[in-house]
>>> print(open('entry37.pdb').read())   # PDB, C-alpha atoms and all ligand atoms
ATOM      1  CA  PRO O   4     -46.488  50.698  67.982
ATOM      2  CA  ASN O   5     -49.132  50.100  65.341
ATOM      3  CA  PRO O   6     -47.892  47.316  63.042
ATOM      4  CA  ASP O   7     -49.654  49.000  60.106
ATOM      5  CA  PHE O   8     -47.736  52.185  60.635
ATOM      6  CA  THR O   9     -44.787  52.907  58.385
ATOM      7  CA  THR O  10     -41.901  55.195  59.162
ATOM      8  CA  ASP O  11     -40.935  55.260  55.501
ATOM      9  CA  ILE O  12     -39.257  58.531  54.605
ATOM     10  CA  ASN O  13     -41.800  59.067  51.833
ATOM     11  CA  MET O  14     -44.736  59.088  54.270
ATOM     12  CA  LEU O  15     -46.884  62.179  53.962
ATOM     13  CA  VAL O  16     -46.857  64.669  56.831
ATOM     14  CA  ASN O  17     -50.412  65.646  55.986
ATOM     15  CA  ALA O  18     -52.315  62.368  55.977
ATOM     16  CA  ASP O  19     -55.863  63.677  55.643
ATOM     17  CA  VAL O  20     -56.343  67.435  56.134
ATOM     18  CA  LYS O  21     -58.098  69.023  53.124
ATOM     19  CA  LYS O  22     -56.603  66.461  50.743
ATOM     20  CA  ASN O  23     -59.072  67.422  47.986
ATOM     21  CA  GLN O  24     -57.281  70.749  47.526
ATOM     22  CA  SER O  25     -54.764  71.032  44.718
ATOM     23  CA  TYR O  26     -52.889  73.802  46.520
ATOM     24  CA  PRO O  27     -51.152  73.868  49.913
ATOM     25  CA  VAL O  28     -53.364  73.939  52.974
ATOM     26  CA  VAL O  29     -53.405  77.286  54.727
ATOM     27  CA  ASP O  30     -55.618  78.393  57.577
ATOM     28  CA  TYR O  31     -56.311  81.754  59.108
ATOM     29  CA  ALA O  32     -57.463  82.647  62.598
ATOM     30  CA  MET O  33     -58.768  86.094  63.299
ATOM     31  CA  ILE O  34     -57.274  87.539  66.455
ATOM     32  CA  ASP O  35     -60.685  88.965  67.398
ATOM     33  CA  ASP O  36     -62.159  85.436  67.459
ATOM     34  CA  MET O  37     -59.532  84.031  69.799
ATOM     35  CA  LYS O  38     -60.466  82.922  73.247
ATOM     36  CA  GLU O  39     -58.104  83.427  76.151
ATOM     37  CA  MET O  40     -55.702  80.909  74.596
ATOM     38  CA  ASN O  41     -55.838  78.609  71.576
ATOM     39  CA  ALA O  42     -53.702  75.576  70.781
ATOM     40  CA  TYR O  43     -52.923  75.065  67.094
ATOM     41  CA  CYS O  44     -51.990  71.691  65.659
ATOM     42  CA  ARG O  45     -48.499  71.059  64.334
ATOM     43  CA  CYS O  46     -48.775  67.296  63.874
ATOM     44  CA  TRP O  47     -51.427  67.387  61.121
ATOM     45  CA  ARG O  48     -53.421  64.632  62.839
ATOM     46  CA  SER O  49     -56.092  66.745  64.557
ATOM     47  CA  LYS O  50     -59.696  66.152  63.551
ATOM     48  CA  LYS O  51     -60.312  69.825  64.406
ATOM     49  CA  PHE O  52     -57.414  71.166  62.328
ATOM     50  CA  PRO O  53     -56.039  73.820  62.590
ATOM     51  CA  LEU O  54     -56.887  73.501  66.298
ATOM     52  CA  CYS O  55     -55.193  70.811  68.381
ATOM     53  CA  ASP O  56     -57.489  68.030  69.610
ATOM     54  CA  GLY O  57     -54.820  66.048  71.479
ATOM     55  CA  ARG O  58     -54.132  63.502  68.732
ATOM     56  CA  HIS O  59     -50.451  64.452  68.803
ATOM     57  CA  LEU O  60     -50.281  62.096  71.820
ATOM     58  CA  TRP O  61     -51.484  59.231  69.609
ATOM     59  CA  TRP O  62     -48.968  60.201  66.952
ATOM     60  CA  ASN O  63     -46.080  60.501  69.399
ATOM     61  CA  ASN O  64     -46.854  57.141  71.015
ATOM     62  CA  ARG O  65     -46.757  55.401  67.653
ATOM     63  CA  THR O  66     -43.790  57.128  66.101
ATOM     64  CA  GLY O  67     -41.540  58.196  68.954
ATOM     65  CA  ASP O  68     -41.973  61.762  67.737
ATOM     66  CA  ASN O  69     -42.401  64.621  70.206
ATOM     67  CA  VAL O  70     -44.600  67.126  68.381
ATOM     68  CA  GLY O  71     -47.152  69.240  70.175
ATOM     69  CA  PRO O  72     -49.309  72.279  69.547
ATOM     70  CA  VAL O  73     -48.347  75.905  69.410
ATOM     71  CA  PHE O  74     -50.241  77.931  71.990
ATOM     72  CA  ILE O  75     -51.243  81.434  71.019
ATOM     73  CA  LYS O  76     -52.527  83.705  73.681
ATOM     74  CA  GLU O  77     -53.570  87.287  73.829
ATOM     75  CA  ARG O  78     -51.168  89.598  75.573
ATOM     76  CA  HIS O  79     -52.828  91.510  78.375
ATOM     77  CA  LEU O  80     -51.009  94.777  78.916
TER
HETATM   78 FE1  LIG F   1     -51.785  68.059  66.394
HETATM   79 FE2  LIG F   1     -52.182  68.413  68.982
HETATM   80  S1  LIG F   1     -53.410  67.361  67.573
HETATM   81  S2  LIG F   1     -50.569  69.131  67.797
END
>>> encode(input="entry37.pdb", output="structure tokens")
Amino acid sequence: PNPDFTTDINMLVNADVKKNQSYPVVDYAMIDDMKEMNAYCRCWRSKKFPLCDGRHLWWNNRTGDNVGPVFIKERHL
């Protein structure tokens, strides 16, 4: 574990995504723009937020958490 990391209960979930906004961060994805399948970040550590870039692995290794992305895929009927 990173010695600089704190598990203090007051730690922010969102460490650095759109922190200059005064209102809650929301993102939209248009279904028409989706590829076959997209992975969306739920750990708030992705540098490509709202898409997952794999940094949840870094987060989980340091915190013992087990977060991962949500996969959204188009249904083919
Ligand atoms: Fe956040 Fe993958 S980077 S869930």
>>> residues_near_ligand(input="entry37.pdb", ligand="ligand LIG 1 (chain F)", cutoff="10 Å", atoms="all atoms listed in the file", output="PyMOL selection string")
chain O and resi 42-63+69-74
>>> write_last_selection(input="entry37.pdb", atoms="C-alpha atoms", output="PDB file, keeping the file's coordinate frame")
ATOM      1  CA  ALA O  42     -53.702  75.576  70.781  1.00  0.00           C
ATOM      2  CA  TYR O  43     -52.923  75.065  67.094  1.00  0.00           C
ATOM      3  CA  CYS O  44     -51.990  71.691  65.659  1.00  0.00           C
ATOM      4  CA  ARG O  45     -48.499  71.059  64.334  1.00  0.00           C
ATOM      5  CA  CYS O  46     -48.775  67.296  63.874  1.00  0.00           C
ATOM      6  CA  TRP O  47     -51.427  67.387  61.121  1.00  0.00           C
ATOM      7  CA  ARG O  48     -53.421  64.632  62.839  1.00  0.00           C
ATOM      8  CA  SER O  49     -56.092  66.745  64.557  1.00  0.00           C
ATOM      9  CA  LYS O  50     -59.696  66.152  63.551  1.00  0.00           C
ATOM     10  CA  LYS O  51     -60.312  69.825  64.406  1.00  0.00           C
ATOM     11  CA  PHE O  52     -57.414  71.166  62.328  1.00  0.00           C
ATOM     12  CA  PRO O  53     -56.039  73.820  62.590  1.00  0.00           C
ATOM     13  CA  LEU O  54     -56.887  73.501  66.298  1.00  0.00           C
ATOM     14  CA  CYS O  55     -55.193  70.811  68.381  1.00  0.00           C
ATOM     15  CA  ASP O  56     -57.489  68.030  69.610  1.00  0.00           C
ATOM     16  CA  GLY O  57     -54.820  66.048  71.479  1.00  0.00           C
ATOM     17  CA  ARG O  58     -54.132  63.502  68.732  1.00  0.00           C
ATOM     18  CA  HIS O  59     -50.451  64.452  68.803  1.00  0.00           C
ATOM     19  CA  LEU O  60     -50.281  62.096  71.820  1.00  0.00           C
ATOM     20  CA  TRP O  61     -51.484  59.231  69.609  1.00  0.00           C
ATOM     21  CA  TRP O  62     -48.968  60.201  66.952  1.00  0.00           C
ATOM     22  CA  ASN O  63     -46.080  60.501  69.399  1.00  0.00           C
ATOM     23  CA  ASN O  69     -42.401  64.621  70.206  1.00  0.00           C
ATOM     24  CA  VAL O  70     -44.600  67.126  68.381  1.00  0.00           C
ATOM     25  CA  GLY O  71     -47.152  69.240  70.175  1.00  0.00           C
ATOM     26  CA  PRO O  72     -49.309  72.279  69.547  1.00  0.00           C
ATOM     27  CA  VAL O  73     -48.347  75.905  69.410  1.00  0.00           C
ATOM     28  CA  PHE O  74     -50.241  77.931  71.990  1.00  0.00           C
TER      29      PHE O  74
END
>>> atom_distance(input="entry37.pdb", atom1="CA of Tyr26 in chain O", atom2="CA of Asn41 in chain O")
25.7 Å
>>> atom_distance(input="entry37.pdb", atom1="CA of Val16 in chain O", atom2="CA of Ala32 in chain O")
21.7 Å
>>> atom_distance(input="entry37.pdb", atom1="CA of Glu77 in chain O", atom2="CA of Met40 in chain O")
6.8 Å
